[in-house]
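Okay, protein_23.cif is below, mmCIF, C-alpha atoms:
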```cif
data_run
loop_
_atom_site.label_atom_id
_atom_site.label_comp_id
_atom_site.auth_asym_id
_atom_site.auth_seq_id
_atom_site.Cartn_x
_atom_site.Cartn_y
_atom_site.Cartn_z
CA MET A 11 -22.94 10.23 -18.38
CA ALA A 12 -23.04 13.89 -19.41
CA SER A 13 -22.96 14.99 -15.78
CA ASN A 14 -19.93 12.75 -15.12
CA ARG A 15 -18.13 14.26 -18.09
CA THR A 16 -18.96 17.78 -16.90
CA ALA A 17 -17.68 17.04 -13.40
CA ALA A 18 -14.48 15.53 -14.81
CA SER A 19 -13.92 18.56 -17.03
CA ALA A 20 -14.45 20.85 -14.04
CA ARG A 21 -11.94 18.91 -11.96
CA ALA A 22 -9.39 19.06 -14.76
CA ALA A 23 -9.89 22.83 -14.95
CA ASP A 24 -9.43 23.15 -11.17
CA LEU A 25 -6.21 21.15 -11.25
CA ASP A 26 -4.89 23.10 -14.23
CA ARG A 27 -5.67 26.39 -12.51
CA ALA A 28 -4.14 25.37 -9.18
CA THR A 29 -0.91 24.21 -10.80
CA GLY A 30 -0.70 26.79 -13.56
CA GLU A 31 2.77 27.98 -12.52
CA LEU A 32 4.25 24.48 -12.56
CA ASP A 33 5.85 22.87 -15.59
CA PRO A 34 4.90 19.21 -16.08
CA PRO A 35 5.76 16.43 -15.58
CA PHE A 36 4.81 16.71 -11.91
CA ALA A 37 2.57 14.92 -9.42
CA VAL A 38 -0.16 16.27 -7.14
CA ALA A 39 -1.93 15.00 -4.06
CA ASP A 40 -5.53 16.17 -3.76
CA LEU A 41 -5.99 16.58 -0.01
CA GLU A 42 -9.79 16.63 -0.21
CA ALA A 43 -9.82 13.25 -1.96
CA PHE A 44 -7.12 11.93 0.38
CA ARG A 45 -9.12 12.84 3.50
CA ARG A 46 -12.34 11.43 2.05
CA ASN A 47 -10.54 8.18 1.33
CA ALA A 48 -9.10 8.10 4.86
CA ARG A 49 -12.54 8.57 6.38
CA ASP A 50 -14.11 5.96 4.13
CA LEU A 51 -11.46 3.40 5.13
CA ALA A 52 -12.17 4.15 8.81
CA ARG A 53 -15.91 3.76 8.16
CA ARG A 54 -15.36 0.37 6.55
CA ALA A 55 -13.17 -0.72 9.48
CA HIS A 56 -16.11 -0.29 11.91
CA GLY A 57 -13.98 0.90 14.80
CA THR A 58 -11.01 -1.44 14.39
CA PRO A 59 -7.84 0.72 14.29
CA ILE A 60 -5.99 0.96 10.99
CA ARG A 61 -2.20 0.72 10.78
CA ILE A 62 -1.02 2.60 7.68
CA ALA A 63 0.99 0.62 5.12
CA THR A 64 3.72 3.13 4.31
CA LYS A 65 4.80 1.53 1.02
CA SER A 66 1.50 2.70 -0.47
CA VAL A 67 2.13 6.35 0.49
CA ARG A 68 5.91 7.04 0.67
CA CYS A 69 5.43 10.67 1.66
CA ARG A 70 5.87 11.68 5.29
CA GLU A 71 3.45 14.59 5.21
CA LEU A 72 0.66 12.39 3.85
CA LEU A 73 1.43 9.71 6.43
CA GLU A 74 1.18 12.28 9.20
CA LEU A 75 -2.08 13.67 7.80
CA ALA A 76 -3.59 10.18 7.82
CA LEU A 77 -2.32 9.43 11.33
CA ALA A 78 -4.14 12.56 12.52
CA GLU A 79 -7.47 11.18 11.29
CA PRO A 80 -9.71 9.29 13.75
CA GLY A 81 -9.35 5.53 13.45
CA TYR A 82 -5.65 5.38 12.58
CA ALA A 83 -2.84 4.16 14.83
CA GLY A 84 0.71 3.22 13.94
CA LEU A 85 2.62 2.49 10.75
CA MET A 86 3.49 -0.65 8.83
CA ALA A 87 6.87 -0.04 7.21
CA TYR A 88 8.25 -2.13 4.40
CA SER A 89 11.87 -2.22 5.57
CA LEU A 90 13.72 -1.87 8.84
CA SER A 91 15.83 1.01 7.56
CA GLU A 92 12.64 2.88 6.68
CA ALA A 93 11.20 2.16 10.13
CA LEU A 94 14.34 3.48 11.83
CA TRP A 95 14.19 6.66 9.76
CA LEU A 96 10.49 7.23 10.47
CA HIS A 97 11.16 6.76 14.17
CA ARG A 98 14.21 9.04 14.09
CA VAL A 99 12.32 11.92 12.41
CA GLY A 100 9.40 11.55 14.81
CA THR A 101 6.66 10.38 12.45
CA SER A 102 5.64 7.47 14.73
CA ASN A 103 6.67 5.55 17.83
CA ASP A 104 4.66 2.49 16.82
CA ILE A 105 6.06 0.86 13.70
CA LEU A 106 5.65 -2.70 12.51
CA VAL A 107 8.07 -3.86 9.81
CA ALA A 108 5.90 -5.90 7.44
CA TYR A 109 8.63 -8.12 6.02
CA PRO A 110 11.56 -10.03 7.56
CA THR A 111 14.89 -8.28 7.27
CA THR A 112 18.46 -9.39 6.65
CA ASP A 113 19.77 -5.79 6.65
CA ARG A 114 22.82 -6.05 8.94
CA ARG A 115 23.43 -2.31 9.24
CA ALA A 116 19.79 -1.64 10.18
CA LEU A 117 19.72 -4.52 12.67
CA ARG A 118 22.84 -3.20 14.38
CA GLU A 119 21.30 0.28 14.54
CA LEU A 120 18.12 -1.13 16.05
CA ALA A 121 20.02 -3.15 18.65
CA ALA A 122 22.12 -0.11 19.63
CA ASP A 123 19.13 2.20 20.18
CA PRO A 124 16.86 1.27 23.13
CA ALA A 125 14.22 3.85 22.11
CA ALA A 126 14.02 2.46 18.59
CA ALA A 127 13.93 -1.11 19.91
CA ALA A 128 10.93 -0.14 22.08
CA ALA A 129 9.09 1.46 19.14
CA ILE A 130 9.79 -0.93 16.25
CA THR A 131 8.57 -4.52 15.84
CA ILE A 132 10.33 -6.78 13.35
CA MET A 133 8.75 -9.68 11.45
CA VAL A 134 9.76 -13.35 11.57
CA ASP A 135 8.34 -16.55 10.15
CA SER A 136 11.14 -18.97 11.04
CA ALA A 137 13.85 -19.63 13.60
CA ASP A 138 16.36 -18.76 10.88
CA HIS A 139 15.35 -15.11 11.18
CA LEU A 140 16.16 -15.14 14.88
CA ASP A 141 19.49 -16.85 14.20
CA HIS A 142 20.37 -14.15 11.70
CA VAL A 143 19.55 -11.36 14.16
CA ASP A 144 21.70 -12.99 16.85
CA ALA A 145 24.59 -13.49 14.44
CA VAL A 146 24.49 -9.83 13.42
CA THR A 147 23.82 -8.10 16.76
CA GLY A 148 25.18 -10.43 19.41
CA SER A 149 23.53 -10.95 22.75
CA ARG A 150 24.23 -7.62 24.48
CA ARG A 151 21.23 -5.66 23.31
CA PRO A 152 17.73 -4.72 24.46
CA ASP A 153 15.01 -7.29 23.80
CA LEU A 154 13.76 -6.92 20.24
CA ARG A 155 10.03 -6.85 19.60
CA ILE A 156 8.90 -9.74 17.38
CA CYS A 157 5.80 -10.26 15.23
CA LEU A 158 5.04 -13.77 13.96
CA GLU A 159 3.61 -13.93 10.44
CA LEU A 160 0.93 -16.52 9.71
CA ASP A 161 0.45 -17.51 6.08
CA ALA A 162 -3.03 -16.40 5.01
CA SER A 163 -3.20 -18.14 1.64
CA TRP A 164 -6.08 -20.47 0.84
CA ARG A 165 -5.26 -24.10 0.14
CA PRO A 166 -8.56 -25.68 -0.90
CA LEU A 167 -6.97 -28.84 -2.35
CA PRO A 168 -3.63 -30.61 -1.93
CA GLY A 169 -1.09 -28.72 -3.99
CA ALA A 170 -3.41 -25.74 -4.56
CA HIS A 171 -2.22 -22.33 -3.36
CA VAL A 172 -4.37 -19.20 -3.71
CA GLY A 173 -2.70 -16.05 -2.39
CA THR A 174 0.72 -14.53 -1.91
CA ARG A 175 3.89 -16.53 -1.27
CA ARG A 176 4.88 -15.28 2.16
CA SER A 177 5.24 -17.13 5.45
CA PRO A 178 5.85 -20.89 5.68
CA VAL A 179 3.80 -20.90 8.92
CA HIS A 180 0.35 -21.98 7.75
CA GLY A 181 -1.20 -24.18 10.42
CA VAL A 182 -2.07 -23.72 14.08
CA ARG A 183 0.58 -26.13 15.33
CA ALA A 184 3.33 -24.47 13.30
CA ALA A 185 2.35 -21.08 14.70
CA ARG A 186 2.46 -22.33 18.27
CA ARG A 187 5.82 -24.08 17.74
CA LEU A 188 7.41 -20.92 16.40
CA ALA A 189 5.90 -18.86 19.22
CA GLU A 190 7.38 -21.26 21.77
CA HIS A 191 10.75 -21.03 20.06
CA VAL A 192 10.69 -17.21 20.17
CA GLU A 193 9.78 -17.24 23.84
CA ARG A 194 12.65 -19.59 24.69
CA ARG A 195 15.22 -17.34 23.02
CA ASN A 196 17.00 -14.62 24.97
CA GLY A 197 16.87 -11.15 23.45
CA PHE A 198 13.44 -11.47 21.82
CA ARG A 199 9.89 -10.68 22.94
CA LEU A 200 6.88 -11.92 20.99
CA VAL A 201 4.35 -9.07 20.91
CA GLY A 202 2.27 -9.56 17.76
CA MET A 203 0.89 -11.70 14.95
CA MET A 204 0.14 -10.77 11.38
CA ALA A 205 -1.58 -12.42 8.43
CA TYR A 206 -2.05 -10.68 5.08
CA GLU A 207 -4.81 -12.17 2.94
CA GLY A 208 -3.71 -10.87 -0.45
CA GLN A 209 -6.21 -13.06 -2.32
CA ILE A 210 -8.99 -11.12 -0.56
CA ALA A 211 -7.56 -7.69 0.19
CA GLY A 212 -5.55 -7.16 -2.99
CA LEU A 213 -7.64 -8.79 -5.69
CA GLY A 214 -10.60 -6.85 -7.08
CA ASP A 215 -13.81 -8.85 -7.30
CA ALA A 216 -15.46 -6.83 -10.08
CA PRO A 217 -13.06 -6.76 -13.06
CA PRO A 218 -14.52 -4.46 -15.76
CA GLY A 219 -16.17 -6.33 -18.63
CA ARG A 220 -15.67 -9.75 -17.02
CA PRO A 221 -18.84 -10.56 -15.07
CA LEU A 222 -18.20 -14.32 -14.96
CA ALA A 223 -14.68 -13.77 -13.57
CA GLY A 224 -16.21 -11.44 -11.00
CA ARG A 225 -18.61 -14.13 -9.79
CA VAL A 226 -15.76 -16.63 -9.48
CA LEU A 227 -13.63 -14.13 -7.57
CA ARG A 228 -16.44 -13.28 -5.15
CA TRP A 229 -17.02 -16.99 -4.50
CA MET A 230 -13.29 -17.49 -3.88
CA ARG A 231 -13.15 -14.53 -1.51
CA ARG A 232 -16.09 -15.82 0.55
CA ARG A 233 -14.67 -19.33 0.86
CA SER A 234 -11.15 -18.12 1.59
CA ALA A 235 -12.33 -15.59 4.18
CA ALA A 236 -14.36 -18.21 6.03
CA GLU A 237 -11.44 -20.66 6.13
CA LEU A 238 -8.98 -17.99 7.24
CA ALA A 239 -11.22 -16.59 9.98
CA GLU A 240 -11.44 -20.03 11.59
CA ARG A 241 -7.75 -20.86 11.19
CA ARG A 242 -6.54 -17.43 12.25
CA GLY A 243 -8.75 -17.50 15.33
CA GLU A 244 -7.36 -20.88 16.37
CA ALA A 245 -3.76 -19.85 15.66
CA VAL A 246 -4.09 -16.62 17.65
CA ALA A 247 -5.59 -18.51 20.59
CA ALA A 248 -2.72 -21.01 20.46
CA VAL A 249 -0.07 -18.29 20.35
CA ARG A 250 -1.77 -16.30 23.11
CA GLY A 251 -1.33 -19.42 25.23
CA VAL A 252 2.41 -18.86 24.82
CA ALA A 253 2.76 -15.06 24.92
CA PRO A 254 0.43 -12.15 25.79
CA LEU A 255 0.17 -10.57 22.35
CA GLU A 256 -0.23 -6.80 22.11
CA PHE A 257 -1.76 -6.89 18.63
CA VAL A 258 -3.02 -9.13 15.83
CA ASN A 259 -2.83 -7.44 12.42
CA GLY A 260 -4.83 -8.47 9.38
CA GLY A 261 -6.53 -7.33 6.25
CA GLY A 262 -5.78 -4.70 3.67
CA THR A 263 -7.61 -1.99 1.75
CA GLY A 264 -9.75 -4.53 -0.10
CA SER A 265 -10.91 -6.51 2.94
CA LEU A 266 -11.41 -4.09 5.84
CA GLU A 267 -15.10 -4.85 6.35
CA ILE A 268 -14.44 -8.61 6.15
CA THR A 269 -11.34 -8.90 8.33
CA GLY A 270 -12.59 -6.33 10.81
CA THR A 271 -15.38 -8.67 11.88
CA GLU A 272 -12.94 -11.32 13.13
CA ARG A 273 -12.73 -11.33 16.92
CA ALA A 274 -9.11 -12.44 16.85
CA VAL A 275 -7.99 -9.37 14.85
CA THR A 276 -7.19 -6.26 16.89
CA GLU A 277 -6.00 -3.97 14.09
CA LEU A 278 -6.18 -3.69 10.31
CA ALA A 279 -3.67 -2.57 7.70
CA ALA A 280 -4.38 -0.29 4.75
CA GLY A 281 -2.55 2.17 2.56
CA SER A 282 -3.57 1.93 -1.09
CA GLY A 283 -7.10 3.06 -0.28
CA LEU A 284 -5.74 6.45 0.80
CA ILE A 285 -4.28 7.04 -2.68
CA GLY A 286 -6.86 5.39 -4.97
CA PRO A 287 -4.75 3.77 -7.73
CA THR A 288 -6.37 2.09 -10.72
CA LEU A 289 -5.93 -1.45 -9.37
CA PHE A 290 -8.54 -0.55 -6.75
CA ASP A 291 -11.18 0.40 -9.31
CA ALA A 292 -12.20 -3.27 -9.61
CA TYR A 293 -14.00 -3.79 -6.28
CA SER A 294 -17.74 -4.18 -5.89
CA THR A 295 -18.10 -2.76 -2.38
CA PHE A 296 -16.03 0.44 -2.43
CA ARG A 297 -14.29 2.86 -4.77
CA PRO A 298 -11.50 5.13 -3.48
CA GLN A 299 -11.21 8.54 -5.09
CA PRO A 300 -8.07 9.25 -7.14
CA ALA A 301 -6.06 11.30 -4.65
CA VAL A 302 -2.65 11.27 -6.36
CA LEU A 303 -2.30 12.13 -10.04
CA TYR A 304 0.50 13.13 -12.35
CA ALA A 305 0.46 15.62 -15.20
CA LEU A 306 2.20 15.25 -18.54
CA PRO A 307 2.46 18.03 -21.14
CA VAL A 308 1.18 17.80 -24.70
CA VAL A 309 4.22 18.18 -26.97
CA ARG A 310 2.85 16.98 -30.34
CA LYS A 311 -0.46 16.93 -32.24
CA PRO A 312 0.02 14.23 -34.90
CA ALA A 313 -3.69 14.23 -35.86
CA GLY A 314 -7.03 15.61 -34.72
CA ARG A 315 -7.93 12.71 -32.42
CA PHE A 316 -4.36 12.18 -31.19
CA ALA A 317 -2.01 14.05 -28.90
CA THR A 318 1.46 13.02 -27.81
CA LEU A 319 2.61 13.57 -24.24
CA PHE A 320 6.13 13.86 -22.92
CA GLY A 321 7.30 10.83 -20.87
CA GLY A 322 4.96 8.92 -18.60
CA GLY A 323 5.95 5.26 -18.93
CA TYR A 324 5.50 4.52 -15.25
CA ILE A 325 4.66 0.83 -15.25
CA ALA A 326 3.73 -0.76 -11.93
CA SER A 327 5.35 -3.85 -10.45
CA GLY A 328 3.69 -7.23 -10.61
CA PRO A 329 2.72 -9.52 -13.49
CA THR A 330 3.32 -7.76 -16.79
CA GLY A 331 0.11 -6.76 -18.51
CA PRO A 332 -2.40 -3.95 -19.14
CA SER A 333 -3.45 -3.81 -15.48
CA ARG A 334 0.02 -2.47 -14.56
CA ALA A 335 -0.06 0.42 -17.03
CA PRO A 336 -1.13 3.91 -15.99
CA SER A 337 -4.47 5.20 -17.19
CA VAL A 338 -5.52 8.56 -18.60
CA HIS A 339 -7.78 10.29 -16.10
CA LEU A 340 -8.38 13.88 -17.25
CA PRO A 341 -9.56 15.46 -19.44
CA PRO A 342 -12.26 12.92 -20.32
CA GLY A 343 -12.40 11.18 -23.67
CA LEU A 344 -8.77 10.02 -23.85
CA ARG A 345 -7.07 6.64 -23.75
CA LEU A 346 -3.62 5.16 -24.28
CA THR A 347 -2.96 3.61 -27.68
CA ALA A 348 -2.46 -0.14 -27.98
CA ALA A 349 0.55 0.27 -30.26
CA GLU A 350 2.66 2.44 -27.93
CA GLY A 351 1.05 2.49 -24.49
CA ALA A 352 2.83 4.62 -21.88
CA GLY A 353 6.32 5.31 -23.20
CA GLU A 354 9.69 6.23 -21.79
CA VAL A 355 9.85 9.59 -23.60
CA GLN A 356 6.50 9.88 -25.32
CA THR A 357 2.98 8.68 -24.63
CA PRO A 358 0.38 9.09 -27.38
CA VAL A 359 -3.25 9.42 -26.29
CA ALA A 360 -6.26 9.05 -28.52
CA GLY A 361 -9.95 9.90 -28.48
CA ALA A 362 -12.40 12.72 -28.88
CA GLY A 363 -10.84 14.53 -25.92
CA ALA A 364 -7.67 15.08 -27.93
CA ARG A 365 -9.38 17.49 -30.35
CA GLY A 366 -9.36 20.33 -27.85
CA LEU A 367 -5.79 19.84 -26.68
CA ARG A 368 -3.04 22.26 -27.63
CA LEU A 369 0.72 22.22 -27.15
CA GLY A 370 1.56 22.77 -23.49
CA ASP A 371 -1.80 21.57 -22.17
CA ARG A 372 -1.78 19.04 -19.32
CA VAL A 373 -3.15 15.52 -19.40
CA TRP A 374 -3.64 13.92 -15.98
CA LEU A 375 -2.88 10.24 -15.41
CA ARG A 376 -3.24 7.75 -12.58
CA HIS A 377 -0.71 5.10 -11.61
CA ALA A 378 -1.79 1.47 -11.30
CA LYS A 379 -0.33 1.11 -7.79
CA ALA A 380 -0.43 3.47 -4.86
CA GLY A 381 3.13 4.06 -3.70
CA GLU A 382 5.35 3.55 -6.69
CA LEU A 383 4.64 6.95 -8.23
CA ALA A 384 6.55 8.46 -5.29
CA GLU A 385 9.69 6.79 -6.65
CA ARG A 386 9.28 8.80 -9.86
CA PHE A 387 8.83 12.26 -8.32
CA THR A 388 10.74 14.11 -5.63
CA HIS A 389 7.64 16.02 -4.47
CA TYR A 390 3.89 15.82 -4.36
CA HIS A 391 2.30 19.24 -4.87
CA LEU A 392 -0.56 19.45 -2.38
CA VAL A 393 -3.78 20.94 -3.72
CA GLU A 394 -7.07 21.60 -1.97
CA GLY A 395 -10.18 23.40 -3.11
CA GLY A 396 -8.59 24.37 -6.41
CA THR A 397 -5.60 25.94 -4.63
CA LEU A 398 -1.96 24.89 -4.56
CA LEU A 399 -0.97 24.86 -0.88
CA ARG A 400 2.65 23.70 -0.80
CA SER A 401 4.94 20.91 -1.93
CA ALA A 402 5.72 17.87 0.20
CA PRO A 403 8.82 15.74 -0.46
CA THR A 404 8.32 12.09 -1.22
CA TYR A 405 10.74 9.52 0.13
CA ARG A 406 12.77 10.06 -3.02
CA GLY A 407 12.77 13.81 -2.41
CA GLU A 408 14.12 13.23 1.10
CA GLY A 409 16.93 11.11 -0.30
CA MET A 410 15.53 7.93 1.17
CA SER A 411 15.29 4.64 -0.69
CA PHE A 412 14.04 1.52 1.04
CA GLY A 413 13.23 -0.80 -1.83
#
```
Please go through the file and, once you have read it, give me the structure as structure tokens.
Amino acid sequence: MASNRTAASARAADLDRATGELDPPFAVADLEAFRRNARDLARRAHGTPIRIATKSVRCRELLELALAEPGYAGLMAYSLSEALWLHRVGTSNDILVAYPTTDRRALRELAADPAAAAAITIMVDSADHLDHVDAVTGSRRPDLRICLELDASWRPLPGAHVGTRRSPVHGVRAARRLAEHVERRNGFRLVGMMAYEGQIAGLGDAPPGRPLAGRVLRWMRRRSAAELAERRGEAVAAVRGVAPLEFVNGGGTGSLEITGTERAVTELAAGSGLIGPTLFDAYSTFRPQPAVLYALPVVRKPAGRFATLFGGGYIASGPTGPSRAPSVHLPPGLRLTAAEGAGEVQTPVAGAGARGLRLGDRVWLRHAKAGELAERFTHYHLVEGGTLLRSAPTYRGEGMSFG
């Protein structure tokens, strides 16, 4: 415990020294931690290529750094307008849009650009999506690349649904029917399948202080993974009987070693594991390093064991609760207060670590989710080896918003 505290204090000192000329609030990306996380994700994937989920990064320079690492190939964008931009600026020529789109302007841009249409794959889970594309773009266009999304949720009993609410295509027959429909339509080419198992990849199986819940979660993950592997394999075989798929995407940061063993899966998706947000502290088999942090200044000292920081109320999306709040990372010995939490203009912190804090000192926090911090800051200041290298614009800093 003492050695952990000493290491944490040393890291805080390194970060403070590297960013000494900056006035907080600001955010940093630790490139050493980022690269270690990238290599650990590739290790867990056991040779299956990883497509980077851009929503968890939202910074072009970090995306390009990850793409340069062995084991990474292609991007998974979260909107078509984002995919078009990433293609236009040259970040990637292999981009899968993870969610269906109804963006008419972006669809028209895609249909009018043969190079973009050859590089970008759009997602569908119903014939209605194809109808919408046709209504917006007309028939005089290059063939658009299509990925069919299979619902990966677990349905152990009638009426029971464990997982995210995504595609209505759950069974093998439904997948084949939709594939046949795509293949019959002019202007579309079915090239891929995707299934995101959020109940496995995005749900930590070792919640702190809840050992019984952890056992239940691990049991659920095992049962769900076994059911999905069988169903996904059958669905992929059925769809391959209709179209020669280029890729089958699956998994997420929390399930690389599980999904990567499935013969039907040709590539994995991950993004949060590069950043190391607090929601990924609750897994039993891996622990990403915190690679992106933000600093807040101490502006008040109301009492010896309390310090008040400026701003910091960056609450993550999802179900409202403590898991979506940021956490105090450095220096050690600090925590948010239950009465105020992380506030819009002030964030009190409490604990023995507050005794040594003075006005103007930095306190370093972590966001609960990986990509959303980039919507708060225009730049990530890149640090490595205790040195500030440069600043890299986030999507917000580049004037891009794709929410």
message: Translate the PyMOL selection byres ((chain A and resi 318-327) around 7) into a concrete residue list for this structure, as an MDAnalysis selection string.
response: chainID A and resid 306:311 316:317 328:329 334:336 352:359 378:379 382
- request: Give as a list in words the residues that the PyMOL selection byres ((chain A and resi 363-366) around 10) matches when applied to the coordinates above.
  value: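 Applied to this file, the PyMOL selection byres ((chain A and resi 363-366) around 10) returns Val308, Lys311, Ala313, Gly314, Arg315, Phe316, Ala317, Thr318, Leu340, Pro341, Pro342, Gly343, Leu344, Arg345, Val359, Ala360, Gly361, Ala362, Leu367, Arg368, Asp371 and Val373 of chain A.
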Evaluate the PyMOL selection byres ((chain A and resi 23) around 12) and report residues as a PyMOL selection string: chain A and resi 16-22+24-30+340-342+371-374+395-397
Take the residues from that selection and write them out as a compact mmCIF listing (two decimals), keeping the file's coordinate frame, keeping C-alpha atoms.
```txt
# COMPACT_ATOMS: atom_id res chain seq x y z
CA THR A 16 -18.96 17.78 -16.90
CA ALA A 17 -17.68 17.04 -13.40
CA ALA A 18 -14.48 15.53 -14.81
CA SER A 19 -13.92 18.56 -17.03
CA ALA A 20 -14.45 20.85 -14.04
CA ARG A 21 -11.94 18.91 -11.96
CA ALA A 22 -9.39 19.06 -14.76
CA ASP A 24 -9.43 23.15 -11.17
CA LEU A 25 -6.21 21.15 -11.25
CA ASP A 26 -4.89 23.10 -14.23
CA ARG A 27 -5.67 26.39 -12.51
CA ALA A 28 -4.14 25.37 -9.18
CA THR A 29 -0.91 24.21 -10.80
CA GLY A 30 -0.70 26.79 -13.56
CA LEU A 340 -8.38 13.88 -17.25
CA PRO A 341 -9.56 15.46 -19.44
CA PRO A 342 -12.26 12.92 -20.32
CA ASP A 371 -1.80 21.57 -22.17
CA ARG A 372 -1.78 19.04 -19.32
CA VAL A 373 -3.15 15.52 -19.40
CA TRP A 374 -3.64 13.92 -15.98
CA GLY A 395 -10.18 23.40 -3.11
CA GLY A 396 -8.59 24.37 -6.41
CA THR A 397 -5.60 25.94 -4.63
```
field: Å distance separating CA of Ala279 (chain A) from CA of Val249 (chain A), one decimal place
entry: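 If I compute the distance from CA of Ala279 (chain A) to CA of Val249 (chain A), I get 20.5 Å.
Shortest atom-to-atom contact with Phe296 (chain A) among A:Ala274, A:Ala216, A:Ile60, A:Leu154: A:Ala216, counting all atoms listed in the file.
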